[in-house]
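Visitor: If you scroll down you'll find the structure; I have some questions about it.
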Protein chains: 2
Amino acid sequence: MTLFFRNCKVLPMTAAAGEPNCFDGYVGVEGRRIALVTADAAAAEAWRAAHAGAREIDGRGGILMPGLVNTHCHMAMTLQRSYADDMALMEWLNDHIWPFEARQTDDDIRVGALLGAAEMLLGGVTSVVDMYWSEAAVFDAVDRAGMRALLCASYLDTRLEAFESDLPALVEKCEGSSRIRAGLAPHAAYTCSAENLRRGMEACRRYGIPMTTHIAETLDEVRMIRERYGATPVEYLDSLGVLDGGLIAAHCVHLTDGDRRILRERGVHVAHCPTSNMKIASGVAPIERLRTEGVNCTVGTDGPSSNNDLDMWEEMRNASFLQKVTTMDPCAVPAYELLRMATVCGAAAIGHAGELGVVKEGALADLVLLSTQRPYYHPQHDVVANVAYCAKAADVDTVVVDGEVVVDGGRLSTVDLPSLYARAGAAVRRIAGEL
Amino acid sequence: MTLFFRNCKVLPMTAAAGEPNCFDGYVGVEGRRIALVTADAAAAEAWRAAHAGAREIDGRGGILMPGLVNTHCHMAMTLQRSYADDMALMEWLNDHIWPFEARQTDDDIRVGALLGAAEMLLGGVTSVVDMYWSEAAVFDAVDRAGMRALLCASYLDTRLEAFESDLPALVEKCEGSSRIRAGLAPHAAYTCSAENLRRGMEACRRYGIPMTTHIAETLDEVRMIRERYGATPVEYLDSLGVLDGGLIAAHCVHLTDGDRRILRERGVHVAHCPTSNMKIASGVAPIERLRTEGVNCTVGTDGPSSNNDLDMWEEMRNASFLQKVTTMDPCAVPAYELLRMATVCGAAAIGHAGELGVVKEGALADLVLLSTQRPYYHPQHDVVANVAYCAKAADVDTVVVDGEVVVDGGRLSTVDLPSLYARAGAAVRRIAGEL
């Protein structure tokens with residue numbers, strides 16, 4: 001598709017940390033990539049004239065920026081949204097989440113994942129890292145919705161089907177996709193034996209795919225690993241070699257000084273999920289320290305059963321404000337750095353450094369146009385702070401993924417929502433009937 | 001106006017704590033009050049037939065609930081939204097906020113307050129407690145926007161004009177209003193002498209109006225009061241009698257066990273402003289303890305220069321999630337209690353217990369209809385948790401204040417937004433030019 005955006009404030013996220021740039025400008029898209037980024041009206045007009053069939057999109061003074069990257073999600077868990085809130089973790093898992101999950105079919109997972117993809121695209125999230133069972137079914141949903149994703153087949157000691165069925169099926173499906181890549185996701189150090197973690201690393205090498213896992217999410221996990229292995233989760237996983245090769249580590253809430261150093265030295269990407277950490281009372285990750293020490297920190301929503309939505313704008317604000325209040329430093333995670341975490345840094349975590357998470361010529365065309373028609377964008381003293389601290393999912397007017405317009409005037413063009421809601425409702429009624 | 005809502009899920013907020021009720025039903029409004037709340041289709045049809053001229057509003061399966069009550073705001077500070085973010089408190093105030101404020105005219109305050117009222121109404125906030133200079137100018141904005149408010153004329157030792165000009169003018173204006181009431185707001189114990197606090201109490205008695213003030217917002221404040229008076233801010237204000245008479249106390253972040261007991265015994269209403277407390281790194285108020293000990297805890301956005309918007313839905317989530325993570329208890333401030341804080345408890349704080357913050361026959365007609373068309377309302381396991389943990393300002397379809405429809409199909413009917421944005425932009429450009 002060929003697209004020409006005019007009448008926009010462009011927030012390209014290409015400037016170095018602490019030096020935001022933003023300008024009134026024009027952006028052109030040809031095929032899968034950004035072909036034009038300019039503030040020069042004459043250059044823009046020349047490009048438009050040379051691309052006669054281009055669809056012209058009037059930004060009406062809105063903000064054009066890179067699509068957001070959600071680096072930790074369990075999309076299909078939309079089916080468990082508000083299914084069991086406000087309870088202790090083990091009661092929540094044992095009595096509610098796990099019995100529900102045990103009754104889910106691949107079709108249910110497909111419906112739940114499509115609901116998650118729809119919500120994320122409508123909210124300006126163009127890339128997601130997902131971790132769940134039956135990722136081959138999640139592939140179908142993401143493919144249909146038109147989203148970019150790194151789908152990671154999950155396993156634990158008591159559920160190893162990923163190796164036999166899910167991962168091979170997922171890898172095969174991904175071969176034909178320009179947007180979707182496969183990955184592997186051992187659940188965590190306390191649910192996967194050393195043998196199964198090694199088996200996972202071996203599979204990653206064989207397929208040439210990345211890995212993600214949960215690390216140091218709760219104090220209970222840290223205690224268990226220390227009792228079993230006499231080490232912190234980070235130290236233990238490092239001793240096995242799991243932290244090498246660009247691991248995406250979700251949570252990283254409870255870390256020692258040594259853990260932070262190891263994460264930095266191994267080049268681990270941290271997926272910070274503040275809303276989930278707050279809501280299920282896991283704790284506060286030391287993101288400001290990690291970030292300033294040089295660890296690549298990114299933002300994830302976690303699954304919608306512990307959030308309860310997939311809103312990256314609220315997630316970003318939690319990522320900043322929770323750090324400010326717990327460090328008692330109002331300068332912690334400032335606005336532009338926060339936006340970098342959700343764009344540039346997220347892109348690096350999923351292996352697309354410099355080609356996603358930025359608006360620049362040659363980069364992949366994953367774009368979001370925010371409408372600034374709501375009162376909280378006015379007056380405009382500082383566009384970066386406006387976006388970081390005020391922007392809402394509902395302001396998303398246009399979303400482009402891989403050069404295709406998937407949200408158009410605030411409407412998702414790839415999925416019929418009312419029929420999807422009906423299917424999701426039917427799925428949860430059937431599951432509830434079986435419980 | 002006569003209104004008839006059908007095809008709604010009614011969330012009346014009338015049930016006791018911990019026992020939410022929600023039903024498919026009908027609501028009728030006659031004049032300023034709610035005249036019908038029923039789940040009985042025949043009774044609803046009879047009411048509709050008896051009110052032939054009633055405007056019928058199809059809720060399309062949306063959620064009809066009480067309007068939200070924002071118990072602490074400085075509306076006019078929309079003009080300073082994103083004017084100065086991510087900096088230390090005293091630098092922020094001394095070098096940015098105060099010089100900017102010193103150049104504001106009453107017209108600027110009118111424009112800023114109207115922008116704040118527009119944002120709040122569009123987001124389902126029907127009542128606000130405001131504290132600022134020139135509240136008589138804020139009155140004009142709130143009156144025009146069609147909002148309900150308790151407007152509190154602010155003063156401190158170096159700025160006592162409230163007593164001579166603002167308060168008498170405000171009280172006079174409020175005499176003719178069914179929606180707007182006057183109050184008085186000494187800024188804080190560290191900026192108002194004992195003499196000026198007593199003068200404020202005397203003015204409140206004379207006019208028969210309530211009082212609000214900031215209490216124990218920062219550690220610096222607590223230290224200053226202890227050095228000057230050898231007491232905590234709560235103890236000191238209590239010794240003067242300031243806490244009697246239904247005071248609305250904003251923040252209450254840094255409290256001793258004794259402070260919490262005093263607040264409970266005096267019947268003080270706490271306005272919890274978690275986003276501001278997080279963003280400017282004030283600290284975490286002990287809301288779960290206050291609430292469970294019997295203090296009336298409510299929710300406020302604080303001003304938009306420390307938030308940076310007036311979004312009560314995000315504010316609510318911060319009020320719950322910040323308590324969960326800091327107490328390490330996922331059961332803290334559960335969903336229904338959170339909704340009560342922003343409705344029932346807020347209504348009690350502004351002197352409307354039982355007649356605002358609830359949907360029941362005889363209550364004042366301040367209503368919000370939420371559209372549930374967005375993915376995060378699906379599937380629907382639990383409407384209360386959906387609203388508490390997922391609802392967004394942008395879902396607000398219809399808002400009724402004092403029986404009048406002020407937001408209709410998501411559009412504000414009382415204010416022309418584009419011209420308001422132009423006026424706000426012109427105001428801040430003029431002020432910037434003077435700085």
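Naming works like this for the structure tokens: A, B, ... for the chains as they're shown, residue 1 at the start of each chain, ligands 1 onward in shown order.
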Compute the chain A side of the contact with chain B at 6 Å, counting only C-alpha atoms, and hand it back as JSON, numbers by chain.
Guide: {"A": [82, 83, 86, 87, 88, 119, 278, 279, 280, 281, 283, 308, 309, 321, 324, 325, 328, 329, 330, 331, 334, 375, 376, 379, 381, 382, 385, 389, 424, 425]}
Visitor: Given the selection you just returned, output its residues as a file containing N, CA and C atoms, formatted as a short mmCIF file (atom, residue, chain, number, x, y, z; two decimals), in the first residue's frame.
Guide:
```
data_model
loop_
_atom_site.label_atom_id
_atom_site.label_comp_id
_atom_site.auth_asym_id
_atom_site.auth_seq_id
_atom_site.Cartn_x
_atom_site.Cartn_y
_atom_site.Cartn_z
N SER A 82 -11.44 -10.14 34.34
CA SER A 82 -12.42 -9.94 35.42
C SER A 82 -13.16 -11.22 35.80
N TYR A 83 -12.50 -12.36 35.53
CA TYR A 83 -13.08 -13.63 35.93
C TYR A 83 -12.87 -13.87 37.43
N ASP A 86 -9.13 -9.44 42.79
CA ASP A 86 -9.03 -9.09 44.21
C ASP A 86 -8.92 -10.32 45.10
N MET A 87 -8.00 -11.21 44.73
CA MET A 87 -7.77 -12.35 45.63
C MET A 87 -6.29 -12.70 45.67
N ALA A 88 -5.93 -13.52 46.66
CA ALA A 88 -4.54 -13.90 46.84
C ALA A 88 -4.08 -14.77 45.67
N GLU A 119 -8.11 -5.40 20.67
CA GLU A 119 -7.96 -4.34 21.67
C GLU A 119 -6.62 -3.62 21.50
N MET A 278 1.45 -4.39 40.28
CA MET A 278 0.69 -3.66 41.29
C MET A 278 -0.57 -4.43 41.65
N LYS A 279 -1.32 -4.85 40.63
CA LYS A 279 -2.65 -5.40 40.88
C LYS A 279 -2.59 -6.72 41.65
N ILE A 280 -1.64 -7.59 41.29
CA ILE A 280 -1.58 -8.85 42.04
C ILE A 280 -0.51 -8.80 43.13
N ALA A 281 -0.06 -7.56 43.42
CA ALA A 281 0.81 -7.31 44.58
C ALA A 281 2.10 -8.12 44.53
N GLY A 283 5.12 -6.66 43.62
CA GLY A 283 6.19 -5.79 44.08
C GLY A 283 6.54 -4.76 43.02
N ASN A 308 -6.67 -5.00 34.07
CA ASN A 308 -7.37 -6.04 33.34
C ASN A 308 -7.57 -5.76 31.87
N ASP A 309 -6.75 -4.87 31.32
CA ASP A 309 -6.89 -4.63 29.89
C ASP A 309 -5.50 -4.63 29.26
N PHE A 321 5.22 6.57 36.82
CA PHE A 321 4.77 7.14 38.09
C PHE A 321 5.10 6.23 39.29
N LYS A 324 8.64 6.94 40.11
CA LYS A 324 8.81 8.24 40.75
C LYS A 324 8.48 8.15 42.24
N VAL A 325 7.35 7.51 42.57
CA VAL A 325 6.93 7.52 43.98
C VAL A 325 7.75 6.55 44.82
N MET A 328 11.03 8.13 45.29
CA MET A 328 10.82 9.49 45.81
C MET A 328 11.59 10.51 44.96
N ASP A 329 11.69 10.25 43.68
CA ASP A 329 12.39 11.14 42.76
C ASP A 329 11.47 11.48 41.59
N PRO A 330 10.95 12.73 41.55
CA PRO A 330 10.00 13.08 40.48
C PRO A 330 10.65 13.10 39.10
N CYS A 331 11.98 13.01 39.05
CA CYS A 331 12.67 13.00 37.75
C CYS A 331 12.85 11.59 37.21
N PRO A 334 11.57 9.91 33.02
CA PRO A 334 10.90 11.09 32.45
C PRO A 334 10.18 10.76 31.14
N PRO A 375 -9.83 17.35 25.22
CA PRO A 375 -9.33 18.51 25.99
C PRO A 375 -7.93 18.33 26.58
N TYR A 376 -7.56 17.08 26.93
CA TYR A 376 -6.29 16.93 27.66
C TYR A 376 -5.06 17.11 26.78
N PRO A 379 -3.81 23.26 26.64
CA PRO A 379 -2.97 23.81 25.57
C PRO A 379 -1.74 22.93 25.36
N HIS A 381 1.87 22.69 25.53
CA HIS A 381 3.19 23.19 25.91
C HIS A 381 4.28 22.25 25.43
N ASP A 382 3.99 20.94 25.45
CA ASP A 382 5.05 19.94 25.26
C ASP A 382 4.41 18.65 24.73
N ALA A 385 5.45 15.26 26.53
CA ALA A 385 4.80 15.05 27.83
C ALA A 385 3.31 14.80 27.66
N TYR A 389 2.02 11.41 29.20
CA TYR A 389 1.25 11.52 30.43
C TYR A 389 -0.26 11.69 30.23
N ALA A 424 -16.80 -14.83 21.97
CA ALA A 424 -16.11 -14.86 23.27
C ALA A 424 -17.10 -15.16 24.39
N GLY A 425 -18.29 -14.55 24.32
CA GLY A 425 -19.32 -14.80 25.34
C GLY A 425 -19.74 -16.26 25.35
#
```
Visitor: Please list as a PyMOL selection string every residue within 6 Å of region 242-252 of chain B, counting only C-alpha atoms and excluding residues in the same chain fewer than 6 positions away.
Guide: chain B and resi 211-217+266+268-273
Visitor: Go through region 230-423 of chain A and collect every residue that DSSP, computed from the backbone, puts in alpha helix (DSSP H); the answer should be as a count of residues only.
Guide: 76
Visitor: So how many Å separate CA of Thr158 (chain B) and CA of Cys192 (chain B), to one decimal?
Guide: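 Spanning CA of Thr158 (chain B) to CA of Cys192 (chain B) is a straight-line distance of 8.5 Å.
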Visitor: By how many Å are CA of Arg226 (chain A) and CA of Tyr190 (chain A) apart?
Guide: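 Atom-to-atom, CA of Arg226 (chain A) and CA of Tyr190 (chain A) are spaced 10.1 Å apart.
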Visitor: Run DSSP on the backbone and grab whatever in region 95-344 of chain B lands in strand (DSSP E); send it over as an MDAnalysis selection string.
Guide: chainID B and resid 125:132 148:155 180:186 212:215 248:251 269:272 296:299
Visitor: Write the residues you've just listed into a file as a tab-separated table (two decimals), in the first residue's frame, and include C-alpha atoms for each of them.
Guide:
```tsv
chain	number	residue	atom	x	y	z
B	125	VAL	CA	-17.14	13.42	36.29
B	126	THR	CA	-20.30	15.26	37.31
B	127	SER	CA	-19.12	16.85	40.60
B	128	VAL	CA	-15.84	18.50	41.48
B	129	VAL	CA	-14.31	20.11	44.54
B	130	ASP	CA	-12.10	22.91	43.26
B	131	MET	CA	-9.53	24.96	45.17
B	132	TYR	CA	-7.92	28.00	43.54
B	148	ARG	CA	-21.91	20.38	39.75
B	149	ALA	CA	-19.22	21.81	42.01
B	150	LEU	CA	-18.09	22.85	45.43
B	151	LEU	CA	-15.81	25.81	44.66
B	152	CYS	CA	-13.43	26.71	47.44
B	153	ALA	CA	-11.76	30.11	47.50
B	154	SER	CA	-8.11	29.58	48.37
B	155	TYR	CA	-5.87	31.74	50.49
B	180	ILE	CA	-22.70	25.20	42.53
B	181	ARG	CA	-21.85	25.82	46.18
B	182	ALA	CA	-19.16	27.94	47.81
B	183	GLY	CA	-16.48	26.78	50.20
B	184	LEU	CA	-13.22	28.08	51.63
B	185	ALA	CA	-9.74	26.62	51.22
B	186	PRO	CA	-6.82	27.64	53.40
B	212	THR	CA	-11.05	21.99	52.36
B	213	THR	CA	-7.27	22.08	52.71
B	214	HIS	CA	-4.08	20.16	51.89
B	215	ILE	CA	-2.81	18.01	54.77
B	248	ILE	CA	-12.23	17.62	53.08
B	249	ALA	CA	-8.53	16.89	53.58
B	250	ALA	CA	-6.55	16.45	50.38
B	251	HIS	CA	-3.60	14.01	50.23
B	269	HIS	CA	-13.22	13.21	54.50
B	270	VAL	CA	-9.93	12.23	52.83
B	271	ALA	CA	-9.41	13.20	49.18
B	272	HIS	CA	-6.87	10.66	47.93
B	296	ASN	CA	-14.47	8.24	54.51
B	297	CYS	CA	-11.93	7.95	51.66
B	298	THR	CA	-12.66	9.58	48.30
B	299	VAL	CA	-10.76	10.10	45.04
```
Visitor: Distance CA of Ser177 (chain B)-CA of Met65 (chain B), one decimal place?
Guide: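 CA of Ser177 (chain B) sits 24.4 Å away from CA of Met65 (chain B).
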Visitor: Using only C-alpha atoms, determine which residues lie at most 8 Å from region 30-42 of chain B, disregarding the query and same-chain residues fewer than 3 positions distant; provide the list as a short mmCIF file (atom, residue, chain, number, x, y, z; two decimals) with C-alpha atoms, in the first residue's frame.
Guide:
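Output file selection.cif is given in full below:
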```cif
data_model
loop_
_atom_site.label_atom_id
_atom_site.label_comp_id
_atom_site.auth_asym_id
_atom_site.auth_seq_id
_atom_site.Cartn_x
_atom_site.Cartn_y
_atom_site.Cartn_z
CA MET B 1 -36.04 17.66 31.47
CA THR B 2 -37.73 14.27 31.38
CA LEU B 3 -35.52 11.34 30.37
CA PHE B 23 -29.29 -5.41 36.86
CA ASP B 24 -30.77 -4.96 33.40
CA GLY B 25 -33.15 -2.10 33.93
CA TYR B 26 -34.72 1.26 33.25
CA VAL B 27 -34.15 4.69 34.73
CA GLU B 45 -43.52 0.93 30.23
CA ALA B 46 -46.22 2.39 32.50
CA TRP B 47 -43.85 5.20 33.58
CA VAL B 359 -28.91 5.73 41.19
CA LYS B 360 -32.10 5.60 43.21
CA GLU B 361 -35.52 7.19 43.09
CA GLY B 362 -35.48 10.65 44.67
CA ALA B 363 -31.74 11.18 44.26
CA LEU B 364 -30.36 14.07 42.20
CA ALA B 365 -30.03 13.07 38.55
CA ASP B 402 -28.92 17.96 37.71
CA GLY B 403 -31.36 16.45 35.22
CA GLU B 404 -29.79 18.05 32.13
#
```
Visitor: Which residues, written as a list in words, have at least one atom at most 8 Å from Gly354 (chain A), with only C-alpha atoms counted and residues fewer than 5 positions away on the same chain left out?
Guide: Val344, Ala347, Ala348 and Ala363 of chain A
Visitor: Go ahead and write the residues just picked, all heavy atoms, as an mmCIF file, in the first residue's frame.
Guide:
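Result file out-v3.cif:
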```
data_model
loop_
_atom_site.group_PDB
_atom_site.id
_atom_site.type_symbol
_atom_site.label_atom_id
_atom_site.label_comp_id
_atom_site.auth_asym_id
_atom_site.auth_seq_id
_atom_site.Cartn_x
_atom_site.Cartn_y
_atom_site.Cartn_z
ATOM 1 N N VAL A 344 11.248 2.413 20.889
ATOM 2 C CA VAL A 344 12.630 2.084 20.507
ATOM 3 C C VAL A 344 13.157 0.858 21.273
ATOM 4 O O VAL A 344 13.696 -0.079 20.673
ATOM 5 C CB VAL A 344 13.545 3.300 20.782
ATOM 6 C CG1 VAL A 344 14.998 2.959 20.542
ATOM 7 C CG2 VAL A 344 13.103 4.492 19.928
ATOM 8 N N ALA A 347 11.310 -2.342 20.401
ATOM 9 C CA ALA A 347 11.734 -2.820 19.083
ATOM 10 C C ALA A 347 13.058 -3.575 19.185
ATOM 11 O O ALA A 347 13.247 -4.631 18.558
ATOM 12 C CB ALA A 347 11.851 -1.649 18.111
ATOM 13 N N ALA A 348 13.980 -3.046 19.995
ATOM 14 C CA ALA A 348 15.273 -3.719 20.176
ATOM 15 C C ALA A 348 15.076 -5.100 20.814
ATOM 16 O O ALA A 348 15.730 -6.073 20.431
ATOM 17 C CB ALA A 348 16.194 -2.860 21.034
ATOM 18 N N ALA A 363 12.602 2.380 7.630
ATOM 19 C CA ALA A 363 12.084 1.543 8.721
ATOM 20 C C ALA A 363 10.779 0.870 8.299
ATOM 21 O O ALA A 363 10.110 1.319 7.357
ATOM 22 C CB ALA A 363 11.853 2.389 9.967
#
```
Visitor: Within 9 Å of Phe5 (chain A), counting only C-alpha atoms, which residues show up once you throw out same-chain ones fewer than 4 positions away? Write them as a list in words, please.
Guide: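 Result of the neighbour search: Gly25, Tyr26, Val27, Gly28, Val29, Arg55, Glu56, Ile57, Asp58, Gly59 and Leu64 of chain A.
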Visitor: Residues within 7 Å of Gly346 (chain A), please, as a count of residues only. Count only C-alpha atoms; anything in the same chain fewer than 5 positions from it doesn't count.
Guide: 4
